[in-house]
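> Shown below is the structure under consideration.
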Amino acid sequence: MKNTNHIQTLRTALAALAIALTCTVSWAARDFTPQSGTWVVSNELDGKPGRGLAIDVQGNTFFMQVFGYEKNGDATFYTATGQMDGNSATAPLMRYKNGRSLGGAMQDAVEDKSAGQVTLHFTNGVKGTIQFPGEQAVAIERFLVVNNEPSVTNPRVQMGVRTLRLFGLDSQGDPSWTVPARLWLSDVGTTYLDWYVPMPTTGMLVPIRQFQCNVVADKVRLHCTPNTNDAPAKLQSELPSVESLELQFAGFDIHGVLRTAGENPQTVTVMGFDEGATLNEPTYREGITTFHPQQQQNYSTAWFGSGGTCITGACSATVTSNTLMPMNGTWIVEDELTGKPGRGIALDIQGNTVILQLFNYRADGQPTFHMGSASYQSKGMGSRTTVATIPLRQYRGGRSLGGAAQSAQLEGDAGVAVLEFSAPRSNSEPNLHLWWTQGQLQLPGEAPVKIRRLQIDSPENFVERMRGDWYVGRTHRIARFDNVQGDGIATADGKIYCVPNKQSEFSNMSCGEPNGVMWNWHQFMHMPDMGRGQPFLRVRDRFGNSVGLGPLD
């Protein structure tokens with residue numbers, strides 16, 4: 001990756017600094033995190049090729065890859081790495097040269113020069129401004145794919161049932177209530193959102209409210225109003241009365257605004273996570289076996305439908321087709337992680353659309369970029385692999401740094417890239433979660449290689465990995481882990497204690513509620529991977545930053 005040497009130096013310094021500051025002062029925490037993925041300059045979003053940004057914020061570290069153009073029209077790229085200062089970042093915009101070209105031999109790049117300072121300021125997780133060297137500050141925004149095709153992957157036109165986890169935030173930006181929710185489309189085309197609560201005795205989810213939702217034009221956004229509110233009052237005691245609810249979907253993340261009903265209406269910021277969707281298809285029979293096919297969109301570990309049950313003379317089996325949703329942001333080729341500048345990958349998958357940006361070099365050593373988009377689909381029923389065949393294209397003639405506004409033109413095709421993400425064949429296999437952060441990519445003229453999500457903020461031990469605020473599925477509550485106990489970490493009140501389990505790859509963490517020599521409850525699980533996992537979902541990182549997208553504009 002182009003700035004790997006710089007990032008690795010930052011990793012070491014930040015890890016030491018974070019441990020030291022944990023016991024002394026607090027970081028100035030953000031109330032949102034800019035979402036990793038493709039960003040665009042708002043006034044350059046005209047349907048024609050132009051400049052773009054691949055932004056990645058992890059913890060307090062900011063990394064950006066910029067694709068743009070030289071004054072002579074050649075495609076080029078820059079990177080910027082630095083520390084967030086509140087909701088802003090300023091860093092040198094660096095140029096590189098002499099790295100690996102498409103189909104070329106392995107070789108490291110070298111730093112060329114700085115083009116000057118770039119400054120970004122974010123107003124929420126999907127909006128902000130950027131000032132390039134020699135230019136005025138302009139608005140930028142997260143590029144969100146808007147699609148009107150009904151499918152299991154599309155929350156605008158939801159086929160099947162989508163499962164969500166929503167949180168209402170207080171004035172300090174902390175969750176004050178949480179509900180699981182399900183989004184579904186009726187037979188007559190009406191979109192409904194149902195809220196659920198767990199029964200106090202059994203933990204079984206029961207519906208308590210239903211909303212009718214309308215799609216907001218040209219946005220991945222729903223506006224919902226209450227339809228029913230018939231659950232017993234005791235089950236709704238922690239939840240606000242609702243006049244309206246608006247939710248925007250940005251991949252795994254959801255943010256929105258809730259307006260309360262009553263004489264003194266209030267506005268509540270909502271954050272949440274998209275846990276995935278399931279669509280049951282018509283059953284069919286082969287021999288003595290009845291098959292129950294499902295389409296799934298998987299943001300986290302799921303039951304993929306394997307095996308079945310048999311009784312005398314008949315069998316039943318569930319088979320699935322899976323759209324595996326990896327983490328968007330900066331990815332790297334494992335074999336090219338040498339500690340020196342190299343190629344970089346920006347990956348952005350939204351629904352069944354993938355956008356791939358490759359930051360690489362021409363045969364003459366000059367920096368360039370290739371990019372493309374394509375359909376992202378399961379390989380078929382019974383498969384646990386999702387694949388995309390992406391035509392890579394090159395452009396020229398767009399706006400240079402400090403130059404006049406102008407759109408680029410297509411220069412040519414460079415062949416196709418094949419991207420794959422797969423889950424293990426058995427639910428009992430270790431590393432079931434690794435498709436979030438590991439995959440395979442074949443570039444034109446090259447053999448398939450392993451790629452993985454770049455961890456810019458990489459905690460050095462289990463305690464730092466788990467420090468912060470988490471939603472704990474076992475308790476249906478938010479818990480702050482900050483009480484270090486040996487190799488493990490507990491909540492401040494000691495009610496939940498987690499420790500690494502070094503004897504197992506599959507269940508490499510155990511958590512529970514201690515009660516003397518016994519446990520009120522105890523559970524083996526896999527450590528959350530970059531904040532994502534079941535039954536844990538990260539709400540604030542180890543520096544106290546909210547991982548949500550902040551207020552809806």
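Ordered as shown in the structure tokens, chains take letters A, B, and onward, while each chain numbers its residues from 1 and ligands are numbered from 1 in the order shown.
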Which polymer residues have any atom within 6 Å of an atom of stretch 265-276 of chain A, counting only C-alpha atoms, with same-chain residues fewer than 5 positions away left out, as a ChimeraX atom specification?
/A:162-169,252-260,297-299,548,551
> Just to be explicit: take each residue in the selection above, keep N, CA and C atoms, and write the result as a PDB file, in the first residue's frame.

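This is the output file result.pdb:
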ATOM      1  N   ARG A 162     -35.566  -7.656   6.603  1.00  0.00           N
ATOM      2  CA  ARG A 162     -34.273  -7.084   6.991  1.00  0.00           C
ATOM      3  C   ARG A 162     -34.274  -6.859   8.499  1.00  0.00           C
ATOM      4  N   THR A 163     -33.194  -7.279   9.168  1.00  0.00           N
ATOM      5  CA  THR A 163     -33.076  -7.143  10.614  1.00  0.00           C
ATOM      6  C   THR A 163     -32.151  -5.982  10.949  1.00  0.00           C
ATOM      7  N   LEU A 164     -32.620  -5.097  11.818  1.00  0.00           N
ATOM      8  CA  LEU A 164     -31.876  -3.906  12.212  1.00  0.00           C
ATOM      9  C   LEU A 164     -31.713  -3.869  13.721  1.00  0.00           C
ATOM     10  N   ARG A 165     -30.715  -3.136  14.183  1.00  0.00           N
ATOM     11  CA  ARG A 165     -30.569  -2.801  15.592  1.00  0.00           C
ATOM     12  C   ARG A 165     -30.466  -1.285  15.667  1.00  0.00           C
ATOM     13  N   LEU A 166     -31.434  -0.644  16.346  1.00  0.00           N
ATOM     14  CA  LEU A 166     -31.525   0.813  16.416  1.00  0.00           C
ATOM     15  C   LEU A 166     -31.280   1.300  17.845  1.00  0.00           C
ATOM     16  N   PHE A 167     -30.661   2.488  17.951  1.00  0.00           N
ATOM     17  CA  PHE A 167     -30.394   3.118  19.236  1.00  0.00           C
ATOM     18  C   PHE A 167     -30.857   4.571  19.190  1.00  0.00           C
ATOM     19  N   GLY A 168     -31.526   5.020  20.239  1.00  0.00           N
ATOM     20  CA  GLY A 168     -31.834   6.432  20.400  1.00  0.00           C
ATOM     21  C   GLY A 168     -30.769   7.079  21.260  1.00  0.00           C
ATOM     22  N   LEU A 169     -30.213   8.220  20.824  1.00  0.00           N
ATOM     23  CA  LEU A 169     -29.102   8.855  21.518  1.00  0.00           C
ATOM     24  C   LEU A 169     -29.570  10.016  22.373  1.00  0.00           C
ATOM     25  N   PHE A 252     -23.588  -0.914   6.187  1.00  0.00           N
ATOM     26  CA  PHE A 252     -23.801  -1.512   7.500  1.00  0.00           C
ATOM     27  C   PHE A 252     -24.401  -0.511   8.488  1.00  0.00           C
ATOM     28  N   ASP A 253     -24.120   0.778   8.284  1.00  0.00           N
ATOM     29  CA  ASP A 253     -24.546   1.812   9.227  1.00  0.00           C
ATOM     30  C   ASP A 253     -25.898   2.403   8.848  1.00  0.00           C
ATOM     31  N   ILE A 254     -26.635   2.784   9.889  1.00  0.00           N
ATOM     32  CA  ILE A 254     -27.920   3.467   9.735  1.00  0.00           C
ATOM     33  C   ILE A 254     -27.882   4.697  10.634  1.00  0.00           C
ATOM     34  N   HIS A 255     -28.365   5.810  10.139  1.00  0.00           N
ATOM     35  CA  HIS A 255     -28.574   6.949  11.043  1.00  0.00           C
ATOM     36  C   HIS A 255     -29.868   7.637  10.656  1.00  0.00           C
ATOM     37  N   GLY A 256     -30.431   8.335  11.614  1.00  0.00           N
ATOM     38  CA  GLY A 256     -31.733   8.923  11.357  1.00  0.00           C
ATOM     39  C   GLY A 256     -32.140   9.918  12.410  1.00  0.00           C
ATOM     40  N   VAL A 257     -33.385  10.324  12.328  1.00  0.00           N
ATOM     41  CA  VAL A 257     -33.943  11.276  13.278  1.00  0.00           C
ATOM     42  C   VAL A 257     -35.343  10.817  13.657  1.00  0.00           C
ATOM     43  N   LEU A 258     -35.633  10.846  14.942  1.00  0.00           N
ATOM     44  CA  LEU A 258     -36.958  10.495  15.475  1.00  0.00           C
ATOM     45  C   LEU A 258     -37.564  11.741  16.096  1.00  0.00           C
ATOM     46  N   ARG A 259     -38.814  11.998  15.747  1.00  0.00           N
ATOM     47  CA  ARG A 259     -39.538  13.124  16.349  1.00  0.00           C
ATOM     48  C   ARG A 259     -40.611  12.548  17.259  1.00  0.00           C
ATOM     49  N   THR A 260     -40.550  12.951  18.527  1.00  0.00           N
ATOM     50  CA  THR A 260     -41.480  12.406  19.507  1.00  0.00           C
ATOM     51  C   THR A 260     -42.841  13.073  19.380  1.00  0.00           C
ATOM     52  N   GLN A 297     -28.622 -11.799   2.819  1.00  0.00           N
ATOM     53  CA  GLN A 297     -27.575 -10.778   2.795  1.00  0.00           C
ATOM     54  C   GLN A 297     -26.935 -10.804   4.176  1.00  0.00           C
ATOM     55  N   ASN A 298     -25.624 -11.017   4.229  1.00  0.00           N
ATOM     56  CA  ASN A 298     -24.946 -11.288   5.492  1.00  0.00           C
ATOM     57  C   ASN A 298     -23.967 -10.164   5.839  1.00  0.00           C
ATOM     58  N   TYR A 299     -24.291  -9.388   6.871  1.00  0.00           N
ATOM     59  CA  TYR A 299     -23.347  -8.414   7.406  1.00  0.00           C
ATOM     60  C   TYR A 299     -22.565  -8.985   8.578  1.00  0.00           C
ATOM     61  N   GLY A 548     -21.033   5.752  15.163  1.00  0.00           N
ATOM     62  CA  GLY A 548     -22.199   6.073  14.346  1.00  0.00           C
ATOM     63  C   GLY A 548     -21.931   7.219  13.393  1.00  0.00           C
ATOM     64  N   PRO A 551     -25.882  13.037  13.402  1.00  0.00           N
ATOM     65  CA  PRO A 551     -27.217  13.530  13.040  1.00  0.00           C
ATOM     66  C   PRO A 551     -27.492  13.412  11.545  1.00  0.00           C
TER      67      PRO A 551
END
> To one decimal place in Å, what is the distance between atom CA of A:Asp364 and atom CA of A:Ser101?
8.7 Å
> What are the closest atom pairs, with distances in Å to one decimal, for all residues of stretch 38-94 of chain A lying within 12 Å of stretch 137-144 of chain A? Consider only C-alpha atoms, order rows by chain and residue number, and present the result as JSON lines.

{"residue": "A:Thr38", "atom": "CA", "partner": "A:Phe143", "partner_atom": "CA", "distance": 5.7}
{"residue": "A:Trp39", "atom": "CA", "partner": "A:Arg142", "partner_atom": "CA", "distance": 4.4}
{"residue": "A:Val40", "atom": "CA", "partner": "A:Ile140", "partner_atom": "CA", "distance": 5.5}
{"residue": "A:Val41", "atom": "CA", "partner": "A:Ile140", "partner_atom": "CA", "distance": 4.4}
{"residue": "A:Ser42", "atom": "CA", "partner": "A:Ile140", "partner_atom": "CA", "distance": 5.0}
{"residue": "A:Asn43", "atom": "CA", "partner": "A:Ala139", "partner_atom": "CA", "distance": 7.4}
{"residue": "A:Glu44", "atom": "CA", "partner": "A:Ile140", "partner_atom": "CA", "distance": 9.3}
{"residue": "A:Leu45", "atom": "CA", "partner": "A:Phe143", "partner_atom": "CA", "distance": 9.3}
{"residue": "A:Arg51", "atom": "CA", "partner": "A:Ile140", "partner_atom": "CA", "distance": 11.1}
{"residue": "A:Gly52", "atom": "CA", "partner": "A:Ile140", "partner_atom": "CA", "distance": 9.5}
{"residue": "A:Leu53", "atom": "CA", "partner": "A:Ile140", "partner_atom": "CA", "distance": 9.1}
{"residue": "A:Ala54", "atom": "CA", "partner": "A:Arg142", "partner_atom": "CA", "distance": 9.5}
{"residue": "A:Ile55", "atom": "CA", "partner": "A:Arg142", "partner_atom": "CA", "distance": 9.2}
{"residue": "A:Asp56", "atom": "CA", "partner": "A:Arg142", "partner_atom": "CA", "distance": 11.6}
> Keeping only C-alpha atoms, write the selected residues to a file as a short mmCIF file (atom, residue, chain, number, x, y, z; two decimals), in the first residue's frame.

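This went into result-v4.cif:
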data_model
loop_
_atom_site.label_atom_id
_atom_site.label_comp_id
_atom_site.auth_asym_id
_atom_site.auth_seq_id
_atom_site.Cartn_x
_atom_site.Cartn_y
_atom_site.Cartn_z
CA THR A 38 -16.05 6.26 -1.66
CA TRP A 39 -16.58 10.00 -1.25
CA VAL A 40 -17.14 12.60 -3.97
CA VAL A 41 -16.87 16.37 -4.37
CA SER A 42 -20.54 17.38 -4.31
CA ASN A 43 -20.41 19.96 -7.11
CA GLU A 44 -18.43 17.55 -9.33
CA LEU A 45 -21.10 14.84 -9.07
CA ARG A 51 -12.17 13.21 -9.02
CA GLY A 52 -12.95 11.03 -6.04
CA LEU A 53 -11.83 10.17 -2.54
CA ALA A 54 -11.43 6.89 -0.69
CA ILE A 55 -11.64 7.88 2.97
CA ASP A 56 -10.86 5.64 5.94
#
> Mind checking DSSP for stretch 10-202 of chain A and telling me the strand (DSSP E or B) residues as a PyMOL selection string?
chain A and resi 37-41+52-58+61-69+75-83+85+88-97+101+110-124+127-131+138-142+151+158+161-169+175-185+191-198
> Between atom CA of A:Glu334 and atom CA of A:Ala414, what distance in Å does the model show, to one decimal?
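Taking atom CA of A:Glu334 as the start and atom CA of A:Ala414 as the end point, the length is 22.5 Å.
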> Pick from A:Ala314, A:Leu120, A:Leu410, A:Leu454: nearest to A:Met327, with only C-alpha atoms counted?
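Of A:Ala314, A:Leu120, A:Leu410, A:Leu454, the one nearest A:Met327, counting only C-alpha atoms, is A:Leu454.
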> Which residue, A:Glu149, A:Glu460, A:Asp46, A:Glu135, has the smallest gap to A:Gly351 when you use only C-alpha atoms?
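The closest residue to A:Gly351 is A:Glu149.
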> Of the candidates A:Lys71, A:Lys97, A:His121, A:Arg396, which shows the shortest atom-to-atom distance to A:Gly365, using only C-alpha atoms?
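Using only C-alpha atoms, A:Gly365 sits closest to A:Lys97.
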> Which parts of stretch 136-322 of chain A does DSSP call helix (DSSP H, G or I) when run on the backbone here, written out as a PyMOL selection string?
chain A and resi 155-157+233-236
> For A:Met64, find every residue with an atom within 12 Å (counting only C-alpha atoms), except residues of its own chain fewer than 5 positions away, and show them as a ChimeraX atom specification.
/A:1-3,7,34-39,52-58,77-83,89-94,118-120,130,329-330,344-346,359,456
> Take the residues from that selection and put them in a file with N, CA and C atoms, as a CSV table (one decimal), in the first residue's frame.

chain,number,residue,atom,x,y,z
A,1,MET,N,0.8,-1.2,0.0
A,1,MET,CA,0.0,0.0,0.0
A,1,MET,C,0.9,1.2,0.0
A,2,LYS,N,0.4,2.3,-0.6
A,2,LYS,CA,1.3,3.5,-0.8
A,2,LYS,C,1.9,4.1,0.4
A,3,ASN,N,1.2,4.2,1.5
A,3,ASN,CA,1.7,4.9,2.6
A,3,ASN,C,1.9,4.0,3.8
A,7,ILE,N,2.0,4.6,7.9
A,7,ILE,CA,0.9,4.1,8.8
A,7,ILE,C,1.5,3.2,9.9
A,34,PRO,N,-16.6,9.5,10.4
A,34,PRO,CA,-16.8,9.5,8.9
A,34,PRO,C,-16.7,8.1,8.4
A,35,GLN,N,-17.7,7.8,7.5
A,35,GLN,CA,-17.8,6.4,7.1
A,35,GLN,C,-16.7,6.1,6.0
A,36,SER,N,-16.1,4.9,6.2
A,36,SER,CA,-15.1,4.5,5.2
A,36,SER,C,-15.8,4.1,3.9
A,37,GLY,N,-15.2,4.5,2.8
A,37,GLY,CA,-15.7,4.2,1.5
A,37,GLY,C,-15.4,5.3,0.5
A,38,THR,N,-16.2,5.3,-0.6
A,38,THR,CA,-16.0,6.3,-1.7
A,38,THR,C,-16.8,7.6,-1.3
A,39,TRP,N,-16.0,8.7,-1.4
A,39,TRP,CA,-16.6,10.0,-1.3
A,39,TRP,C,-16.4,10.8,-2.5
A,52,GLY,N,-12.3,11.7,-7.1
A,52,GLY,CA,-12.9,11.0,-6.0
A,52,GLY,C,-12.0,10.8,-4.9
A,53,LEU,N,-12.6,10.4,-3.8
A,53,LEU,CA,-11.8,10.2,-2.5
A,53,LEU,C,-12.2,8.8,-2.0
A,54,ALA,N,-11.2,8.1,-1.5
A,54,ALA,CA,-11.4,6.9,-0.7
A,54,ALA,C,-11.0,7.2,0.7
A,55,ILE,N,-11.9,7.4,1.6
A,55,ILE,CA,-11.6,7.9,3.0
A,55,ILE,C,-11.8,6.7,3.9
A,56,ASP,N,-10.9,6.7,4.9
A,56,ASP,CA,-10.9,5.6,5.9
A,56,ASP,C,-10.5,6.3,7.3
A,57,VAL,N,-11.4,6.3,8.2
A,57,VAL,CA,-11.1,6.8,9.6
A,57,VAL,C,-11.2,5.6,10.6
A,58,GLN,N,-10.2,5.3,11.3
A,58,GLN,CA,-10.2,4.3,12.3
A,58,GLN,C,-9.6,4.8,13.6
A,77,PHE,N,-2.8,9.6,-8.6
A,77,PHE,CA,-3.4,9.5,-7.3
A,77,PHE,C,-2.4,10.1,-6.2
A,78,TYR,N,-3.0,10.4,-5.1
A,78,TYR,CA,-2.3,10.9,-3.9
A,78,TYR,C,-2.8,10.2,-2.7
A,79,THR,N,-2.1,10.3,-1.6
A,79,THR,CA,-2.6,9.8,-0.3
A,79,THR,C,-2.3,10.9,0.7
A,80,ALA,N,-3.1,10.8,1.8
A,80,ALA,CA,-2.9,11.7,3.0
A,80,ALA,C,-3.1,10.8,4.2
A,81,THR,N,-2.3,11.0,5.2
A,81,THR,CA,-2.4,10.2,6.5
A,81,THR,C,-2.1,11.2,7.6
A,82,GLY,N,-2.9,11.1,8.6
A,82,GLY,CA,-2.7,12.0,9.8
A,82,GLY,C,-3.7,11.7,10.9
A,83,GLN,N,-3.7,12.6,11.9
A,83,GLN,CA,-4.6,12.4,13.1
A,83,GLN,C,-5.8,13.3,13.0
A,89,ALA,N,-9.2,17.1,9.9
A,89,ALA,CA,-7.9,16.5,9.7
A,89,ALA,C,-7.1,17.4,8.6
A,90,THR,N,-5.8,17.6,8.9
A,90,THR,CA,-5.0,18.3,7.9
A,90,THR,C,-3.7,17.4,7.8
A,91,ALA,N,-3.3,17.2,6.5
A,91,ALA,CA,-2.2,16.3,6.3
A,91,ALA,C,-1.6,16.7,4.9
A,92,PRO,N,-0.3,16.3,4.7
A,92,PRO,CA,0.3,16.5,3.4
A,92,PRO,C,-0.3,15.5,2.4
A,93,LEU,N,-0.5,16.0,1.2
A,93,LEU,CA,-1.0,15.2,0.1
A,93,LEU,C,0.2,14.7,-0.7
A,94,MET,N,0.5,13.4,-0.6
A,94,MET,CA,1.7,12.8,-1.1
A,94,MET,C,1.5,12.1,-2.4
A,118,VAL,N,-3.7,19.2,2.6
A,118,VAL,CA,-5.1,19.0,2.3
A,118,VAL,C,-5.8,19.1,3.7
A,119,THR,N,-7.0,19.7,3.7
A,119,THR,CA,-7.7,19.9,5.0
A,119,THR,C,-9.1,19.4,4.8
A,120,LEU,N,-9.6,18.6,5.7
A,120,LEU,CA,-11.0,18.1,5.7
A,120,LEU,C,-11.7,18.4,7.0
A,130,ILE,N,-13.7,19.7,1.9
A,130,ILE,CA,-12.3,19.5,1.7
A,130,ILE,C,-11.7,20.7,1.0
A,329,GLY,N,-13.8,0.2,2.6
A,329,GLY,CA,-12.6,1.0,3.0
A,329,GLY,C,-11.4,0.6,2.3
A,330,THR,N,-10.2,0.7,2.9
A,330,THR,CA,-8.9,0.4,2.3
A,330,THR,C,-8.6,-1.0,2.5
A,344,GLY,N,-2.6,0.3,-3.7
A,344,GLY,CA,-3.7,0.3,-2.7
A,344,GLY,C,-5.0,0.0,-3.4
A,345,ILE,N,-6.0,-0.5,-2.6
A,345,ILE,CA,-7.3,-0.9,-3.1
A,345,ILE,C,-8.3,-0.2,-2.2
A,346,ALA,N,-9.3,0.4,-2.9
A,346,ALA,CA,-10.5,1.0,-2.2
A,346,ALA,C,-11.7,0.2,-2.6
A,359,PHE,N,-5.3,1.9,-6.9
A,359,PHE,CA,-4.3,2.9,-7.0
A,359,PHE,C,-2.9,2.2,-7.3
A,456,ILE,N,-5.7,0.2,10.2
A,456,ILE,CA,-4.9,1.4,10.5
A,456,ILE,C,-4.7,1.5,12.0
> Just want the 7 Å neighbourhood of A:Leu279, counted on only C-alpha atoms, with same-chain residues fewer than 6 positions away dropped. Output as a list in words.
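Within the cut-off, the hits are Val152, Met159, Gly160, Val161, Gln294, Gln295 and Gln296 of chain A.
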> For A:Val242, which of A:Pro226, A:Gly445, A:Pro207, A:Pro180 is the closest residue, counting only C-alpha atoms?
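Comparing A:Pro226, A:Gly445, A:Pro207, A:Pro180 against A:Val242, the winner is A:Pro226.
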> Identify which of the residues A:Gly189, A:Gly342, A:Gly251, A:Gly68 lies closest to A:Pro155, counting only C-alpha atoms when measuring atom-to-atom distances.
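Closest to A:Pro155, using only C-alpha atoms: A:Gly251.
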> Counting only C-alpha atoms, give me one row per residue of stretch 93-135 of chain A with an atom at most 12 Å from an atom of stretch 447-453 of chain A, showing the shortest contact pair and its distance in Å to one decimal, sorted by chain then residue number, as a Markdown table.

| residue | atom | partner | partner_atom | distance |
| --- | --- | --- | --- | --- |
| A:Leu102 | CA | A:Ala447 | CA | 11.2 |
| A:Gly103 | CA | A:Ala447 | CA | 8.9 |
| A:Gly104 | CA | A:Ala447 | CA | 11.3 |
| A:Ala105 | CA | A:Ala447 | CA | 11.8 |
> A:Ser378: which residues within 12 Å, counting only C-alpha atoms, same-chain residues fewer than 5 positions away excluded, as a list in words?
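Skipping anything fewer than 5 positions along the chain leaves Val152, Thr153, Gln294, Gln295, Gln296, Gln297, Asn298, Thr320, Ser321, Asn322, Thr323, Leu324, Met325, Gly351, Asn352, Thr353, Ser383, Arg384, Thr385, Thr386, Val387, Ala388, Thr389, Leu419, Glu420, Phe421, Ser422 and Ala423 of chain A.
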> What is the distance, in Å and to one decimal place, between atom CA of A:Asp218 and atom CA of A:Asp194?
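Separation of atom CA of A:Asp218 and atom CA of A:Asp194: 23.8 Å.
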